[in-house]
file upload.txt (compact mmCIF, C-alpha atoms)
# COMPACT_ATOMS: atom_id res chain seq x y z
CA MET A 121 115.28 93.20 121.87
CA ILE A 122 112.17 94.33 123.79
CA PRO A 123 111.49 97.41 121.60
CA TYR A 124 111.68 95.22 118.48
CA VAL A 125 109.29 92.70 120.04
CA LEU A 126 106.88 95.50 120.93
CA GLU A 127 107.02 96.88 117.39
CA TRP A 128 106.53 93.53 115.66
CA GLY A 129 103.82 92.49 118.10
CA SER A 130 102.00 95.73 117.40
CA LEU A 131 102.27 95.17 113.65
CA LEU A 132 101.00 91.59 113.72
CA LEU A 133 98.16 92.33 116.16
CA ARG A 134 97.08 95.33 114.10
CA TRP A 135 97.16 93.22 110.92
CA LEU A 136 94.96 90.55 112.52
CA HIS A 137 92.65 93.21 113.97
CA VAL A 138 92.14 94.94 110.61
CA ILE A 139 91.53 91.66 108.75
CA ALA A 140 88.98 90.48 111.31
CA ALA A 141 87.28 93.89 111.39
CA MET A 142 86.97 93.90 107.60
CA ALA A 143 85.22 90.52 107.74
CA TRP A 144 82.91 91.61 110.57
CA ILE A 145 82.02 94.96 109.06
CA GLY A 146 81.52 93.40 105.64
CA SER A 147 79.05 90.84 106.95
CA SER A 148 77.23 93.49 109.00
CA PHE A 149 76.82 95.79 106.02
CA PHE A 150 75.79 92.92 103.75
CA PHE A 151 73.10 91.56 106.05
CA MET A 152 71.66 95.03 106.71
CA HIS A 153 71.53 95.50 102.95
CA LEU A 154 69.93 92.08 102.54
CA ASP A 155 67.28 92.81 105.17
CA ALA A 156 66.41 96.07 103.47
CA SER A 157 66.13 94.48 100.02
CA LEU A 158 63.94 91.53 100.99
CA ARG A 159 60.57 91.25 99.28
CA ALA A 160 57.58 88.99 99.96
CA ALA A 161 57.29 85.79 97.90
CA PRO A 162 54.28 83.50 97.27
CA ASP A 163 55.72 80.79 99.49
CA LEU A 164 57.17 83.23 102.03
CA PRO A 165 54.83 86.15 102.80
CA ALA A 166 56.16 89.28 104.47
CA ALA A 167 54.72 88.20 107.82
CA ARG A 168 57.14 85.27 107.86
CA GLY A 169 60.16 86.77 106.10
CA GLY A 170 61.18 87.62 102.56
CA VAL A 171 63.27 86.81 99.52
CA GLY A 172 66.11 88.77 97.94
CA TRP A 173 67.95 88.22 94.67
CA GLN A 174 71.60 89.18 94.23
CA VAL A 175 73.98 89.02 91.28
CA HIS A 176 77.71 88.78 91.88
CA GLY A 177 80.76 87.19 90.30
CA GLY A 178 78.88 86.02 87.24
CA GLY A 179 76.17 84.20 89.19
CA PHE A 180 72.72 84.77 90.66
CA TYR A 181 71.84 84.18 94.30
CA GLU A 182 68.41 83.74 95.86
CA MET A 183 68.44 84.53 99.57
CA ARG A 184 65.58 83.86 101.92
CA LYS A 185 65.08 85.17 105.42
CA TYR A 186 62.68 83.76 108.03
CA LEU A 187 61.75 86.35 110.62
CA VAL A 188 61.69 83.76 113.40
CA ALA A 189 62.87 80.41 111.99
CA PRO A 190 62.13 77.93 109.19
CA ASP A 191 59.82 74.98 109.76
CA PHE A 192 62.74 72.59 110.05
CA MET A 193 66.38 72.53 111.13
CA PRO A 194 68.66 72.77 108.06
CA GLU A 195 71.50 70.28 107.71
CA GLU A 196 74.09 73.02 107.14
CA LEU A 197 74.04 76.24 109.16
CA THR A 198 76.72 78.95 109.06
CA TRP A 199 77.22 81.01 112.22
CA HIS A 200 78.55 84.55 111.88
CA LYS A 201 80.35 85.10 115.17
CA TRP A 202 84.09 84.57 114.96
CA GLN A 203 84.62 87.73 112.91
CA ALA A 204 83.25 89.71 115.86
CA TYR A 205 85.08 87.72 118.51
CA THR A 206 88.42 87.90 116.70
CA THR A 207 88.04 91.63 116.10
CA TRP A 208 87.41 92.39 119.76
CA ILE A 209 90.01 89.99 121.15
CA SER A 210 92.75 91.22 118.81
CA GLY A 211 91.73 94.83 119.47
CA PHE A 212 91.87 94.30 123.23
CA PHE A 213 95.33 92.75 123.04
CA LEU A 214 96.41 95.64 120.80
CA LEU A 215 95.11 98.06 123.44
CA VAL A 216 97.11 96.21 126.10
CA TRP A 217 100.20 95.94 123.90
CA ILE A 218 100.39 99.62 122.95
CA TYR A 219 98.48 101.69 125.50
CA TYR A 220 98.83 99.66 128.69
CA ALA A 221 102.34 98.27 128.17
CA GLN A 222 103.61 101.68 127.00
CA SER A 223 101.30 103.83 129.10
CA SER A 224 103.84 106.61 129.76
CA LEU A 225 103.98 107.41 126.04
CA TYR A 226 100.39 106.94 124.96
CA LEU A 227 97.94 106.74 127.85
CA VAL A 228 99.11 108.59 130.97
CA ASN A 229 99.45 112.35 130.95
CA PRO A 230 100.82 113.55 134.32
CA GLU A 231 99.29 116.98 133.72
CA VAL A 232 95.84 115.32 133.66
CA MET A 233 96.32 112.68 136.36
CA ALA A 234 99.46 111.09 137.74
CA LEU A 235 98.76 107.39 137.26
CA THR A 236 100.94 104.33 137.20
CA GLY A 237 100.64 101.94 134.26
CA PRO A 238 98.66 99.34 136.25
CA GLN A 239 96.32 102.02 137.61
CA ALA A 240 95.59 103.40 134.15
CA SER A 241 95.07 99.89 132.79
CA ALA A 242 92.63 99.02 135.58
CA ILE A 243 90.64 102.20 134.94
CA GLY A 244 90.48 101.49 131.20
CA ILE A 245 89.41 97.86 131.54
CA GLY A 246 86.96 98.68 134.31
CA ALA A 247 85.40 101.45 132.22
CA LEU A 248 84.83 99.07 129.32
CA ALA A 249 83.14 96.54 131.61
CA VAL A 250 80.95 99.14 133.34
CA GLY A 251 80.13 100.73 129.99
CA TRP A 252 78.81 97.42 128.67
CA LEU A 253 76.64 96.88 131.77
CA ILE A 254 75.12 100.36 131.42
CA TYR A 255 74.38 99.89 127.72
CA ASP A 256 72.96 96.38 128.20
CA ARG A 257 70.68 97.52 131.02
CA LEU A 258 69.41 100.42 128.95
CA CYS A 259 68.54 98.07 126.08
CA LYS A 260 66.71 95.67 128.41
CA SER A 261 64.83 98.46 130.17
CA PRO A 262 61.52 99.92 128.90
CA LEU A 263 63.67 102.38 126.92
CA GLY A 264 64.50 99.48 124.62
CA ASN A 265 61.02 99.75 123.15
CA ASN A 266 61.71 103.27 121.87
CA GLU A 267 64.62 103.12 119.45
CA THR A 268 64.88 106.89 118.99
CA LEU A 269 65.02 107.63 122.70
CA LEU A 270 67.36 104.72 123.31
CA GLY A 271 69.67 106.00 120.57
CA LEU A 272 69.77 109.50 122.05
CA ILE A 273 70.52 108.18 125.54
CA GLY A 274 73.19 105.87 124.10
CA LEU A 275 74.77 108.88 122.39
CA ALA A 276 74.70 110.78 125.69
CA VAL A 277 76.45 107.85 127.42
CA ILE A 278 79.19 107.84 124.75
CA VAL A 279 79.78 111.59 125.06
CA ALA A 280 79.73 111.40 128.87
CA ALA A 281 82.26 108.56 128.74
CA SER A 282 84.52 110.65 126.50
CA TYR A 283 84.40 113.46 129.05
CA GLY A 284 85.16 111.05 131.89
CA PHE A 285 88.15 109.65 130.01
CA THR A 286 89.56 113.16 129.51
CA LEU A 287 89.74 113.50 133.30
CA VAL A 288 92.14 110.56 133.65
CA PHE A 289 93.82 109.85 130.30
CA SER A 290 95.74 111.67 127.60
CA GLY A 291 93.76 112.90 124.61
CA ARG A 292 95.06 110.03 122.51
CA GLY A 293 94.17 107.51 125.21
CA THR A 294 90.73 109.07 125.58
CA LEU A 295 89.71 108.66 121.95
CA ILE A 296 91.02 105.11 121.68
CA HIS A 297 89.02 104.15 124.78
CA VAL A 298 85.84 105.72 123.44
CA GLY A 299 86.31 103.62 120.30
CA ALA A 300 87.04 100.56 122.44
CA LEU A 301 83.85 101.21 124.42
CA MET A 302 81.78 101.20 121.22
CA ALA A 303 83.57 98.05 120.05
CA THR A 304 82.84 96.40 123.40
CA TRP A 305 79.15 97.16 123.01
CA MET A 306 79.22 95.70 119.53
CA ALA A 307 81.11 92.52 120.43
CA GLY A 308 79.05 92.15 123.60
CA ASN A 309 75.88 92.29 121.52
CA VAL A 310 77.13 89.36 119.46
CA PHE A 311 78.49 87.30 122.35
CA MET A 312 75.85 88.05 125.00
CA VAL A 313 72.66 88.50 122.98
CA ILE A 314 72.68 87.65 119.27
CA ILE A 315 74.41 84.25 119.35
CA PRO A 316 72.73 83.04 122.60
CA ASN A 317 69.31 83.97 121.19
CA GLN A 318 70.06 82.13 117.96
CA ARG A 319 71.12 79.08 119.93
CA LYS A 320 67.81 79.14 121.78
CA VAL A 321 65.94 79.28 118.47
CA VAL A 322 67.94 76.31 117.16
CA ALA A 323 67.26 74.38 120.36
CA SER A 324 63.53 75.00 119.96
CA LEU A 325 63.61 73.76 116.36
CA MET A 326 65.48 70.62 117.34
CA ALA A 327 62.94 69.99 120.10
CA GLY A 328 60.06 70.40 117.65
CA GLU A 329 58.84 73.54 119.41
CA ALA A 330 57.89 76.96 118.02
CA PRO A 331 60.74 79.45 118.72
CA ASP A 332 60.00 82.62 120.66
CA PRO A 333 59.71 85.57 118.17
CA ALA A 334 61.03 87.95 120.85
CA LEU A 335 64.45 86.30 120.61
CA GLY A 336 64.87 87.21 116.96
CA LYS A 337 63.53 90.71 117.51
CA GLN A 338 66.00 91.38 120.31
CA ALA A 339 68.91 90.02 118.27
CA LYS A 340 67.93 92.18 115.30
CA GLN A 341 67.84 95.27 117.51
CA ARG A 342 71.39 94.66 118.73
CA SER A 343 72.59 93.89 115.20
CA THR A 344 71.16 97.22 114.04
CA HIS A 345 72.96 99.02 116.86
CA ASN A 346 76.21 97.42 115.73
CA ASN A 347 75.60 98.64 112.20
CA TYR A 348 75.13 102.25 113.29
CA LEU A 349 78.13 102.18 115.64
CA THR A 350 80.53 100.77 113.05
CA LEU A 351 81.65 103.94 111.25
CA PRO A 352 82.16 106.08 114.39
CA ALA A 353 84.10 103.25 116.05
CA VAL A 354 86.37 102.84 113.02
CA LEU A 355 87.17 106.57 112.85
CA LEU A 356 87.92 106.72 116.58
CA MET A 357 90.25 103.74 116.22
CA LEU A 358 92.09 105.67 113.49
CA SER A 359 92.18 108.88 115.53
CA ASN A 360 95.51 108.04 117.19
CA HIS A 361 97.20 108.82 113.86
CA TYR A 362 95.72 112.35 113.73
CA PRO A 363 96.80 114.60 116.60
CA VAL A 364 94.51 117.43 115.52
CA LEU A 365 91.65 115.33 116.95
CA TYR A 366 93.10 114.66 120.39
CA ALA A 367 95.62 117.45 121.03
CA ASN A 368 93.21 119.39 123.25
CA PRO A 369 91.25 117.05 125.56
CA ALA A 370 88.84 119.86 126.47
CA VAL A 371 87.13 119.65 123.06
CA ILE A 372 87.11 115.87 122.73
CA PRO A 373 83.47 115.43 123.91
CA PRO A 374 82.00 117.67 121.15
CA ILE A 375 84.31 116.04 118.61
CA VAL A 376 83.12 112.58 119.71
CA PHE A 377 79.50 113.78 119.50
CA LEU A 378 79.93 115.07 115.94
CA ILE A 379 81.87 112.01 114.75
CA THR A 380 79.26 109.64 116.19
CA ILE A 381 76.39 111.57 114.63
CA SER A 382 78.17 111.70 111.25
CA GLY A 383 78.94 107.98 111.12
CA ALA A 384 75.47 106.94 112.23
CA LEU A 385 73.80 109.24 109.67
CA ILE A 386 75.91 107.82 106.83
CA ARG A 387 74.78 104.32 107.75
CA HIS A 388 71.18 105.57 107.99
CA PHE A 389 71.37 106.87 104.44
CA TYR A 390 72.48 103.53 103.03
CA ASN A 391 70.08 101.50 105.16
CA VAL A 392 67.14 103.56 103.87
CA ARG A 393 68.41 103.63 100.29
CA HIS A 394 68.79 99.86 100.18
CA PHE A 395 65.15 99.56 101.17
CA ASP A 396 63.81 102.02 98.60
CA HIS A 397 66.00 104.14 96.29
CA ALA A 398 63.13 106.56 95.77
CA LYS A 399 63.17 107.46 99.47
CA SER A 400 66.91 108.04 99.78
CA PRO A 401 67.44 110.68 102.53
CA TRP A 402 69.81 112.96 100.63
CA TRP A 403 69.60 115.53 103.41
CA VAL A 404 71.97 113.26 105.36
CA TRP A 405 74.98 114.34 103.31
CA ALA A 406 74.40 118.03 103.98
CA THR A 407 74.06 117.33 107.70
CA VAL A 408 77.21 115.20 107.75
CA ALA A 409 79.14 117.87 105.84
CA VAL A 410 78.15 120.49 108.41
CA ALA A 411 79.01 118.16 111.31
CA LEU A 412 82.44 117.33 109.90
CA TRP A 413 83.12 121.01 109.17
CA LEU A 414 82.23 121.80 112.78
CA THR A 415 84.61 119.05 113.90
CA PHE A 416 87.38 120.62 111.84
CA TRP A 417 86.58 124.10 113.17
CA ILE A 418 86.51 122.96 116.81
CA ALA A 419 89.81 121.11 116.41
CA MET A 420 91.41 124.17 114.82
CA ALA A 421 89.94 126.65 117.29
CA SER A 422 91.19 124.58 120.23
CA SER A 423 94.80 125.10 119.14
CA PRO A 424 96.54 128.44 119.83
CA THR A 425 98.04 128.40 116.34
CA GLY A 426 94.78 127.23 114.85
CA ARG A 427 92.96 130.16 116.43
CA ALA A 428 95.46 132.50 114.84
CA GLN A 429 94.97 130.95 111.42
CA LEU A 430 91.20 131.20 111.81
CA GLY A 431 91.50 134.86 112.70
CA LEU A 432 90.54 134.33 116.33
CA ALA A 433 93.89 135.48 117.74
CA ALA A 434 95.90 138.60 117.25
CA THR A 435 99.22 137.00 116.31
CA PRO A 436 99.28 135.15 112.98
CA ALA A 437 101.30 131.97 112.62
CA ALA A 438 102.10 131.53 108.97
CA VAL A 439 103.35 128.18 107.76
CA SER A 440 105.41 127.54 104.66
CA THR A 441 107.30 124.69 103.08
CA ALA A 442 110.08 127.23 102.55
CA ALA A 443 111.28 126.33 106.01
CA ALA A 444 112.34 122.98 104.61
CA HIS A 445 114.99 124.81 102.58
CA THR A 446 116.09 127.16 105.35
CA SER A 447 118.71 126.14 107.88
CA PRO A 448 117.10 126.50 111.31
CA PRO A 449 118.69 128.91 113.80
CA ALA A 450 120.69 127.60 116.73
CA ASN A 451 117.89 128.08 119.26
CA VAL A 452 115.51 125.96 117.15
CA VAL A 453 118.11 123.22 116.77
CA GLU A 454 118.65 123.22 120.52
CA ILE A 455 114.92 123.01 121.25
CA VAL A 456 114.25 120.17 118.82
CA THR A 457 117.32 118.13 119.72
CA SER A 458 116.67 118.49 123.45
CA ARG A 459 112.92 117.84 123.32
CA CYS A 460 112.48 115.52 120.34
CA ALA A 461 115.72 113.89 119.22
CA MET A 462 115.88 111.35 122.05
CA CYS A 463 113.21 109.45 120.10
CA HIS A 464 113.64 110.87 116.59
CA ALA A 465 117.25 109.89 115.98
CA ALA A 466 119.13 107.21 114.10
CA ASP A 467 119.83 105.60 117.47
CA PRO A 468 117.04 106.63 119.89
CA VAL A 469 117.93 106.78 123.57
CA TRP A 470 114.39 106.89 124.99
CA ASP A 471 113.61 103.72 126.88
CA GLY A 472 111.37 101.40 124.88
CA ILE A 473 111.98 103.03 121.49
CA GLN A 474 114.42 101.28 119.20
CA ILE A 475 113.52 102.83 115.85
CA SER A 476 112.62 106.47 115.23
CA PRO A 477 108.79 106.74 115.11
CA LYS A 478 107.59 106.82 111.50
CA GLY A 479 111.22 107.10 110.41
CA VAL A 480 111.27 110.82 111.25
CA LEU A 481 114.77 112.03 112.19
CA LEU A 482 115.28 115.30 114.09
CA ASP A 483 118.88 114.92 115.18
CA THR A 484 120.64 117.33 112.77
CA PRO A 485 119.85 120.83 111.40
CA ALA A 486 119.29 119.32 107.93
CA HIS A 487 116.85 116.75 109.29
CA ILE A 488 115.03 119.40 111.30
CA ALA A 489 114.65 121.63 108.24
CA ARG A 490 113.36 118.71 106.16
CA GLN A 491 110.64 118.00 108.75
CA ALA A 492 109.50 121.64 109.10
CA GLU A 493 105.88 120.91 108.11
CA ALA A 494 105.66 117.95 110.50
CA ILE A 495 107.16 120.03 113.31
CA ASN A 496 104.60 122.74 112.62
CA LEU A 497 101.67 120.30 112.72
CA GLN A 498 102.81 118.22 115.67
CA ALA A 499 104.55 120.72 117.97
CA VAL A 500 103.09 124.12 117.02
CA VAL A 501 99.57 123.72 115.62
CA SER A 502 98.25 120.70 117.50
CA ARG A 503 100.89 120.58 120.27
CA ALA A 504 100.47 116.81 120.30
CA MET A 505 104.22 116.28 120.41
CA PRO A 506 106.12 115.42 122.47
CA PRO A 507 103.47 112.85 123.51
CA ASN A 508 101.80 114.03 126.71
CA ASN A 509 104.57 116.69 126.66
CA ILE A 510 106.75 114.05 128.25
CA THR A 511 109.94 116.11 127.68
CA GLU A 512 108.27 119.28 129.01
CA MET A 513 108.53 121.53 125.95
CA THR A 514 107.56 125.02 127.13
CA ALA A 515 105.12 127.45 125.54
CA ASP A 516 108.01 129.83 124.79
CA GLU A 517 109.84 127.05 122.97
CA ARG A 518 106.80 126.36 120.81
CA LEU A 519 106.59 130.06 120.03
CA ALA A 520 110.23 129.98 118.99
CA LEU A 521 109.47 127.15 116.57
CA ALA A 522 106.53 129.13 115.18
CA ALA A 523 108.74 132.21 114.75
CA TRP A 524 111.26 130.16 112.75
CA LEU A 525 108.50 128.82 110.50
CA ARG A 526 107.15 132.35 109.97
CA SER A 527 110.58 133.80 109.23
CA ALA A 528 111.09 131.28 106.43
CA THR A 529 108.30 132.96 104.47
CA ASN A 530 109.91 136.40 104.59
call {"tool": "encode", "arguments": {"input": "upload.txt", "output": "structure tokens"}}
result
Amino acid sequence: MIPYVLEWGSLLLRWLHVIAAMAWIGSSFFFMHLDASLRAAPDLPAARGGVGWQVHGGGFYEMRKYLVAPDFMPEELTWHKWQAYTTWISGFFLLVWIYYAQSSLYLVNPEVMALTGPQASAIGIGALAVGWLIYDRLCKSPLGNNETLLGLIGLAVIVAASYGFTLVFSGRGTLIHVGALMATWMAGNVFMVIIPNQRKVVASLMAGEAPDPALGKQAKQRSTHNNYLTLPAVLLMLSNHYPVLYANPAVIPPIVFLITISGALIRHFYNVRHFDHAKSPWWVWATVAVALWLTFWIAMASSPTGRAQLGLAATPAAVSTAAAHTSPPANVVEIVTSRCAMCHAADPVWDGIQISPKGVLLDTPAHIARQAEAINLQAVVSRAMPPNNITEMTADERLALAAWLRSATN
């Protein structure tokens, strides 16, 4: 019963998390676009705000922004906050449900640090809290007046955090916590700065006082940070599905650096383009292409098999789908069934797993042959499986798998 509950809980939490994130990201992108497209109007000069016209769904919309506040308190006021709160809360419970409740599979790697589940959970939660305090203090310090310098230091903090996580967690756990750290900054900005500042402005209006312009300026700064962090955070949240990114913890910091730079630059392109199409920074796409190519190269070069395929090692490791039609030798069957089939079987025997992950079966020679490409990617190229090498597959055994895959091409 428990494995089924874990699986269904994961599904429902992930569904809620994705829906809430779509709403939050959508509103963030829209309002950044709106800010960039605002133009001065006779009754609302640029010093006070601007006006933007939109067409959508067969209708026209006139949208007005006041840089500080209007002269009166409107009767109806929509607050954009629950998208952010729901995204973070559901994401945190998903982190607890998958990584903390099943830490031996996903978070703790004994070869990195022998931690108990509660110890790993405490480190993860503590790191998120400390990470928010560091970021918030940086924004409130004199560095907050220099966006470029603040951005560079923020990037350095993210990369340093990724390195720190590699010292205690598995590669998969590291990347998910880097993404969770970014998400905590973003949700913290909404909960601790943006919404409280807006409430203060509303209170001033209701009291007939002039709101403090610094409140809106500070909220806008944090909103902009959220916009630039969105794409890197989303990719890092998806990283747990792609072992080539986390198989070698030693190269995670440069991968995090390149992913963060790429995502932020993509948002920069659209933010500038929405302001003035004539000034679109097309150079961004060339830079992003180079950064993502470097990410691919680093991920490949960090794998023994990847180095061979890149020509950086003496022994080639050819891969072919022909293996899927070749009955594996007895030694390969023994390796896979002894190291993998306890989870990847019609009736898994590993504690906590009721259904074979992703429906992949590795309990018969025919099933092993059918999954040759997956075995190559997961156990030979990236070496991400078994997770955290929990069944202690040896280097010689991985070489035996590679030899079988090579022999199928001959």
call {"tool": "residues_around", "arguments": {"input": "upload.txt", "residues": "range 465-474 of chain A", "least_positions_apart": "3", "cutoff": "9 Å", "atoms": "all atoms listed in the file", "output": "list in words"}}
result
Met121, Ile122, Pro123, Tyr124, Leu126, Glu127, Gln222, Cys460, Ala461, Met462, Pro477, Gly479, Val480, Leu481, Leu482, Asp483 and Thr484 of chain A
call {"tool": "residues_around", "arguments": {"input": "upload.txt", "residues": "Trp402 in chain A", "least_positions_apart": "2", "cutoff": "12 Å", "atoms": "all atoms listed in the file", "output": "ChimeraX atom specification"}}
result
/A:385-386,388-390,392-393,397-400,404-409
call {"tool": "residues_near_point", "arguments": {"input": "upload.txt", "point": "(90.3, 93.8, 128.4)", "cutoff": "9 Å", "atoms": "all atoms listed in the file", "output": "NGL selection string"}}
result
:A and (209 or 212-213 or 215-216 or 241 or 244-246 or 248-249)
call {"tool": "atom_distance", "arguments": {"input": "upload.txt", "atom1": "CA of Leu301 in chain A", "atom2": "CA of Ile314 in chain A"}}
result
18.3 Å
call {"tool": "closest_residue", "arguments": {"input": "upload.txt", "among": "A:Leu295, A:Leu351, A:Met183, A:Leu269", "to": "Ile145 in chain A", "atoms": "all atoms listed in the file"}}
result
A:Leu351
call {"tool": "residues_around", "arguments": {"input": "upload.txt", "residues": "Ala419 in chain A", "least_positions_apart": "5", "cutoff": "10 Å", "atoms": "all atoms listed in the file", "output": "MDAnalysis selection string"}}
result
chainID A and resid 363:368 371:372 374:375 413:414 426:427 502
call {"tool": "write_last_selection", "arguments": {"input": "upload.txt", "atoms": "C-alpha atoms", "output": "compact mmCIF listing (two decimals), keeping the file's coordinate frame"}}
result
# COMPACT_ATOMS: atom_id res chain seq x y z
CA PRO A 363 96.80 114.60 116.60
CA VAL A 364 94.51 117.43 115.52
CA LEU A 365 91.65 115.33 116.95
CA TYR A 366 93.10 114.66 120.39
CA ALA A 367 95.62 117.45 121.03
CA ASN A 368 93.21 119.39 123.25
CA VAL A 371 87.13 119.65 123.06
CA ILE A 372 87.11 115.87 122.73
CA PRO A 374 82.00 117.67 121.15
CA ILE A 375 84.31 116.04 118.61
CA TRP A 413 83.12 121.01 109.17
CA LEU A 414 82.23 121.80 112.78
CA GLY A 426 94.78 127.23 114.85
CA ARG A 427 92.96 130.16 116.43
CA SER A 502 98.25 120.70 117.50
call {"tool": "residues_around", "arguments": {"input": "upload.txt", "residues": "Val322 in chain A", "least_positions_apart": "4", "cutoff": "9 Å", "atoms": "all atoms listed in the file", "output": "ChimeraX atom specification"}}
result
/A:189,193,317-318,326-327,331
call {"tool": "residues_around", "arguments": {"input": "upload.txt", "residues": "Ala276 in chain A", "least_positions_apart": "2", "cutoff": "12 Å", "atoms": "only C-alpha atoms", "output": "list in words"}}
result
Ile254, Tyr255, Leu269, Leu270, Gly271, Leu272, Ile273, Gly274, Ile278, Val279, Ala280, Ala281, Ser282, Tyr283, Pro373, Pro374, Val376, Phe377, Leu378, Thr380 and Ile381 of chain A
call {"tool": "decode", "arguments": {"input": "upload.txt", "residues": "range 302-366 of chain A", "atoms": "C-alpha atoms", "output": "JSON list (two decimals), in the first residue's frame"}}
result
[["chain", "number", "residue", "atom", "x", "y", "z"],
["A", 302, "MET", "CA", 16.20, 29.65, -6.72],
["A", 303, "ALA", "CA", 12.50, 28.95, -6.20],
["A", 304, "THR", "CA", 12.84, 29.90, -2.53],
["A", 305, "TRP", "CA", 14.38, 33.22, -3.50],
["A", 306, "MET", "CA", 11.54, 33.82, -5.92],
["A", 307, "ALA", "CA", 8.72, 32.89, -3.53],
["A", 308, "GLY", "CA", 10.45, 34.75, -0.71],
["A", 309, "ASN", "CA", 10.54, 37.86, -2.86],
["A", 310, "VAL", "CA", 6.78, 37.68, -3.27],
["A", 311, "PHE", "CA", 5.96, 36.78, 0.34],
["A", 312, "MET", "CA", 8.57, 38.90, 2.15],
["A", 313, "VAL", "CA", 8.96, 41.95, -0.08],
["A", 314, "ILE", "CA", 6.56, 42.43, -2.99],
["A", 315, "ILE", "CA", 3.22, 41.77, -1.25],
["A", 316, "PRO", "CA", 4.17, 43.51, 2.06],
["A", 317, "ASN", "CA", 5.31, 46.59, 0.13],
["A", 318, "GLN", "CA", 2.08, 46.63, -1.85],
["A", 319, "ARG", "CA", 0.09, 46.39, 1.37],
["A", 320, "LYS", "CA", 1.95, 49.40, 2.73],
["A", 321, "VAL", "CA", 1.11, 51.37, -0.41],
["A", 322, "VAL", "CA", -2.57, 50.41, -0.08],
["A", 323, "ALA", "CA", -2.55, 51.41, 3.59],
["A", 324, "SER", "CA", -1.12, 54.81, 2.67],
["A", 325, "LEU", "CA", -3.82, 55.35, 0.04],
["A", 326, "MET", "CA", -6.56, 54.42, 2.48],
["A", 327, "ALA", "CA", -5.10, 56.84, 5.03],
["A", 328, "GLY", "CA", -5.03, 59.63, 2.45],
["A", 329, "GLU", "CA", -1.22, 59.75, 2.49],
["A", 330, "ALA", "CA", 1.29, 59.76, -0.36],
["A", 331, "PRO", "CA", 2.87, 56.26, -0.66],
["A", 332, "ASP", "CA", 6.64, 55.90, -0.43],
["A", 333, "PRO", "CA", 8.08, 55.49, -4.00],
["A", 334, "ALA", "CA", 10.92, 53.35, -2.60],
["A", 335, "LEU", "CA", 8.43, 50.58, -1.81],
["A", 336, "GLY", "CA", 7.41, 50.17, -5.43],
["A", 337, "LYS", "CA", 10.99, 50.39, -6.63],
["A", 338, "GLN", "CA", 12.12, 47.64, -4.26],
["A", 339, "ALA", "CA", 9.19, 45.40, -5.24],
["A", 340, "LYS", "CA", 9.94, 45.91, -8.93],
["A", 341, "GLN", "CA", 13.58, 44.93, -8.38],
["A", 342, "ARG", "CA", 12.59, 41.65, -6.75],
["A", 343, "SER", "CA", 9.98, 40.97, -9.44],
["A", 344, "THR", "CA", 12.67, 41.44, -12.09],
["A", 345, "HIS", "CA", 14.95, 39.01, -10.27],
["A", 346, "ASN", "CA", 12.14, 36.45, -10.31],
["A", 347, "ASN", "CA", 11.73, 36.92, -14.04],
["A", 348, "TYR", "CA", 15.41, 36.24, -14.74],
["A", 349, "LEU", "CA", 15.54, 33.23, -12.40],
["A", 350, "THR", "CA", 12.48, 31.53, -13.87],
["A", 351, "LEU", "CA", 14.00, 29.66, -16.82],
["A", 352, "PRO", "CA", 17.09, 28.33, -14.98],
["A", 353, "ALA", "CA", 14.89, 27.20, -12.07],
["A", 354, "VAL", "CA", 12.51, 25.35, -14.40],
["A", 355, "LEU", "CA", 15.34, 23.52, -16.18],
["A", 356, "LEU", "CA", 16.94, 22.50, -12.88],
["A", 357, "MET", "CA", 13.59, 21.17, -11.68],
["A", 358, "LEU", "CA", 13.44, 19.04, -14.84],
["A", 359, "SER", "CA", 17.04, 17.87, -14.48],
["A", 360, "ASN", "CA", 16.13, 14.83, -12.37],
["A", 361, "HIS", "CA", 14.77, 13.22, -15.56],
["A", 362, "TYR", "CA", 18.11, 13.61, -17.39],
["A", 363, "PRO", "CA", 21.00, 11.72, -15.78],
["A", 364, "VAL", "CA", 23.56, 13.16, -18.19],
["A", 365, "LEU", "CA", 23.27, 16.40, -16.19],
["A", 366, "TYR", "CA", 23.84, 14.97, -12.72]]
